[in-house]
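Trainee: Below are the structure tokens for one structure; questions will follow.
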Amino acid sequence: MKIIIYGSQYGTAKKYALELSKKTDIKAVSYKNIEDVNQYDTLIYIGALYAGGVLGMKKTLGKIKDSSKKKIIIATVGLADPNNEQNTDTIKEGIKKHLRPDIFNQADIHFLRGGIDYSNLNIKHKTMMALLYKKSKRLKDDEKTPEVEAMIETYGKKVDFIDFTTLTPIINEIQKTP
């Protein structure tokens with residue numbers, strides 16, 4: 001059995017999960033509502049990037065008892081350009097810190113570009129982003145990572161980089177025989 005699990009705060013990861021569900025006929029469910037990940041042989045986790053982590057991923061995939069019998073696909077959703085290797089390397093390192101080695105080493109990892117609408121952020125996230133923005137603006141140009149530059153560029157705006165065609169490699173991976 002296969003399942004798409006998503007961790008979404010403001011909706012972009014959920015949009016990708018629902019589109020992937022539509023394209024593959026695999027049920028999509030929020031990580032908050034998943035009961036037993038061990039009943040599935042293929043787990044596709046789509047999660048929003050927040051403060052170096054992937055929303056709900058550690059909690060959800062940490063419940064896997066025996067990863068050797070599972071196909072694990074992880075897709076992160078964030079603002080930074082996934083075509084930039086520095087961005088994807090940084091994200092992978094963050095994922096590695098939050099997963100057991102057996103799960104991380106087995107996972108097929110993908111990077112999707114999301115969006116943000118600052119007018120919809122809750123007060124906690126608005127405050128956090130304001131502090132991060134101020135700190136980032138003070139960095140010297142050579143200290144700014146592409147991820148930081150993307151955050152500065154989009155700060156205070158509504159941007160949407162969702163591109164459902166970037167789901168194709170994930171669909172191809174799902175269709176491979178385990």
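Letters A, B, ... mark the chains of the structure tokens in the order given; residue numbers begin at 1 per chain; ligand numbers begin at 1, in order shown.
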Hey, could you make a per-residue contact list for range 5-39 of chain A against range 163-178 of chain A with 10 Å as the cut-off, showing the nearest pair of atoms and its distance in Å to one decimal, counting only C-alpha atoms, sorted by chain and number, as a tab-separated table?

Mentor:
```
residue	atom	partner	partner_atom	distance
A:Lys15	CA	A:Phe164	CA	9.1
A:Tyr16	CA	A:Phe164	CA	6.9
A:Ala17	CA	A:Leu167	CA	9.5
A:Glu19	CA	A:Phe164	CA	7.3
A:Leu20	CA	A:Leu167	CA	6.9
A:Ser21	CA	A:Ile171	CA	9.9
A:Lys23	CA	A:Ile171	CA	8.1
A:Thr24	CA	A:Ile171	CA	7.2
```

Trainee: What lies within 12 Å of range 132-141 of chain A using only C-alpha atoms, ignoring chain neighbours under 5 positions off, as number ranges by chain?

Mentor: A: 51, 125-127, 146-156

Trainee: List the spatial neighbours of range 72-75 of chain A as a ChimeraX atom specification - criterion: any atom at most 6 Å away, only C-alpha atoms, same-chain residues fewer than 5 positions off excluded.

Mentor: /A:42-46,107-111

Trainee: Take the residues that were just selected and, keeping C-alpha atoms, output them as a PDB file, in the first residue's frame.

Mentor:
```pdb
ATOM      1  CA  THR A  42       5.591   3.214   0.129  1.00  0.00           C
ATOM      2  CA  LEU A  43       5.600   6.485   2.047  1.00  0.00           C
ATOM      3  CA  ILE A  44       5.699   9.783   0.193  1.00  0.00           C
ATOM      4  CA  TYR A  45       6.257  12.657   2.628  1.00  0.00           C
ATOM      5  CA  ILE A  46       5.743  16.213   1.348  1.00  0.00           C
ATOM      6  CA  ALA A 107      15.053   8.053   1.260  1.00  0.00           C
ATOM      7  CA  ASP A 108      14.747   9.465  -2.233  1.00  0.00           C
ATOM      8  CA  ILE A 109      14.752  13.231  -1.638  1.00  0.00           C
ATOM      9  CA  HIS A 110      13.161  15.868  -3.876  1.00  0.00           C
ATOM     10  CA  PHE A 111      12.890  19.640  -3.605  1.00  0.00           C
TER      11      PHE A 111
END
```

Trainee: With only C-alpha atoms as the counted atoms, please give the residues lying no more than 10 Å from Leu55 in chain A, apart from itself and same-chain residues fewer than 4 positions off, as a PDB file with N, CA and C atoms, in the first residue's frame.

Mentor:
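Now in out_17.pdb:
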```pdb
ATOM      1  N   TYR A   6       1.451  14.693   4.184  1.00  0.00           N
ATOM      2  CA  TYR A   6       1.973  16.048   4.029  1.00  0.00           C
ATOM      3  C   TYR A   6       1.966  16.805   5.354  1.00  0.00           C
ATOM      4  N   GLY A   7       2.933  17.712   5.456  1.00  0.00           N
ATOM      5  CA  GLY A   7       3.022  18.643   6.575  1.00  0.00           C
ATOM      6  C   GLY A   7       2.968  20.040   5.994  1.00  0.00           C
ATOM      7  N   SER A   8       1.865  20.724   6.194  1.00  0.00           N
ATOM      8  CA  SER A   8       1.657  22.024   5.565  1.00  0.00           C
ATOM      9  C   SER A   8       1.108  23.012   6.582  1.00  0.00           C
ATOM     10  N   GLN A   9       1.738  24.166   6.683  1.00  0.00           N
ATOM     11  CA  GLN A   9       1.272  25.201   7.596  1.00  0.00           C
ATOM     12  C   GLN A   9       0.350  26.190   6.892  1.00  0.00           C
ATOM     13  N   ALA A  13       2.524  22.955   0.620  1.00  0.00           N
ATOM     14  CA  ALA A  13       2.836  21.522   0.653  1.00  0.00           C
ATOM     15  C   ALA A  13       1.565  20.699   0.430  1.00  0.00           C
ATOM     16  N   TYR A  31      -0.023  14.831   8.148  1.00  0.00           N
ATOM     17  CA  TYR A  31       0.736  14.067   9.140  1.00  0.00           C
ATOM     18  C   TYR A  31       0.009  14.048  10.490  1.00  0.00           C
ATOM     19  N   ILE A  46       5.572  14.874   1.923  1.00  0.00           N
ATOM     20  CA  ILE A  46       5.743  16.213   1.348  1.00  0.00           C
ATOM     21  C   ILE A  46       5.582  17.201   2.496  1.00  0.00           C
ATOM     22  N   GLY A  47       6.664  17.944   2.786  1.00  0.00           N
ATOM     23  CA  GLY A  47       6.607  18.825   3.934  1.00  0.00           C
ATOM     24  C   GLY A  47       7.208  20.197   3.702  1.00  0.00           C
ATOM     25  N   ALA A  48       6.600  21.162   4.357  1.00  0.00           N
ATOM     26  CA  ALA A  48       7.071  22.542   4.286  1.00  0.00           C
ATOM     27  C   ALA A  48       8.346  22.697   5.109  1.00  0.00           C
ATOM     28  N   LEU A  49       9.261  23.505   4.606  1.00  0.00           N
ATOM     29  CA  LEU A  49      10.498  23.806   5.323  1.00  0.00           C
ATOM     30  C   LEU A  49      10.254  24.922   6.322  1.00  0.00           C
ATOM     31  N   TYR A  50      10.633  24.676   7.571  1.00  0.00           N
ATOM     32  CA  TYR A  50      10.517  25.667   8.632  1.00  0.00           C
ATOM     33  C   TYR A  50      11.733  25.576   9.531  1.00  0.00           C
ATOM     34  N   ALA A  51      12.468  26.657   9.640  1.00  0.00           N
ATOM     35  CA  ALA A  51      13.588  26.772  10.585  1.00  0.00           C
ATOM     36  C   ALA A  51      14.514  25.555  10.545  1.00  0.00           C
ATOM     37  N   LYS A  59       8.521  13.511  13.340  1.00  0.00           N
ATOM     38  CA  LYS A  59       7.494  12.831  14.134  1.00  0.00           C
ATOM     39  C   LYS A  59       6.889  11.657  13.357  1.00  0.00           C
ATOM     40  N   THR A  60       6.608  11.873  12.092  1.00  0.00           N
ATOM     41  CA  THR A  60       5.930  10.860  11.282  1.00  0.00           C
ATOM     42  C   THR A  60       6.864   9.717  10.888  1.00  0.00           C
ATOM     43  N   THR A  76      10.574  18.258  -0.065  1.00  0.00           N
ATOM     44  CA  THR A  76      10.479  19.469   0.739  1.00  0.00           C
ATOM     45  C   THR A  76       9.874  20.583  -0.106  1.00  0.00           C
ATOM     46  N   VAL A  77       9.190  21.503   0.560  1.00  0.00           N
ATOM     47  CA  VAL A  77       8.579  22.641  -0.115  1.00  0.00           C
ATOM     48  C   VAL A  77       9.058  23.912   0.583  1.00  0.00           C
TER      49      VAL A  77
END
```

Trainee: What's the separation between CA of Leu112 in chain A and CA of Ile91 in chain A, in Å to one decimal place?

Mentor: 11.4 Å

Trainee: At what distance in Å, to one decimal, does CA of Val37 in chain A lie from CA of Lys63 in chain A?

Mentor: 6.9 Å

Trainee: Out of range 49-172 of chain A, which residues get alpha helix (DSSP H) from DSSP, as a ChimeraX atom specification?

Mentor: /A:57-61,85-98,101-106,123-137,146-154,168-172

Trainee: One decimal, Å: what's the distance from CA of Arg113 in chain A over to CA of Asn83 in chain A, could you say?

Mentor: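 Separation between CA of Arg113 in chain A and CA of Asn83 in chain A: 9.5 Å.
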
Trainee: Could you name the residues that touch Val159 in chain A at 8 Å or less, counting only C-alpha atoms, but leaving out those on the same chain fewer than 5 positions away, as a ChimeraX atom specification?

Mentor: /A:115-117,154

Trainee: Apply DSSP to the backbone of this structure and, from chain A, keep only the residues in strand (DSSP E); write these as a PyMOL selection string.

Mentor: chain A and resi 2-7+28-30+42-50+53-54+71-78+108-113+115-117+158-160

Trainee: Rank A:Ile123, A:Gly53, A:Asp66, A:Gly78 by their smallest atom-to-atom distance to Lys97 in chain A, using only C-alpha atoms, and report the top residue only.

Mentor: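 The shortest atom-to-atom distance to Lys97 in chain A comes from A:Gly53.
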
Trainee: Measuring atom to atom with only C-alpha atoms, identify which of A:Gly11, A:Gly52, A:Lys124, A:Met57 is nearest to Ile103 in chain A.

Mentor: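 Nearest candidate to Ile103 in chain A out of A:Gly11, A:Gly52, A:Lys124, A:Met57: A:Met57.
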
Trainee: Taking only C-alpha atoms into account, which of A:Ile162, A:Leu131, A:Met1, A:Ala80 comes nearest Lys14 in chain A?

Mentor: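 Closest to Lys14 in chain A, using only C-alpha atoms: A:Ile162.
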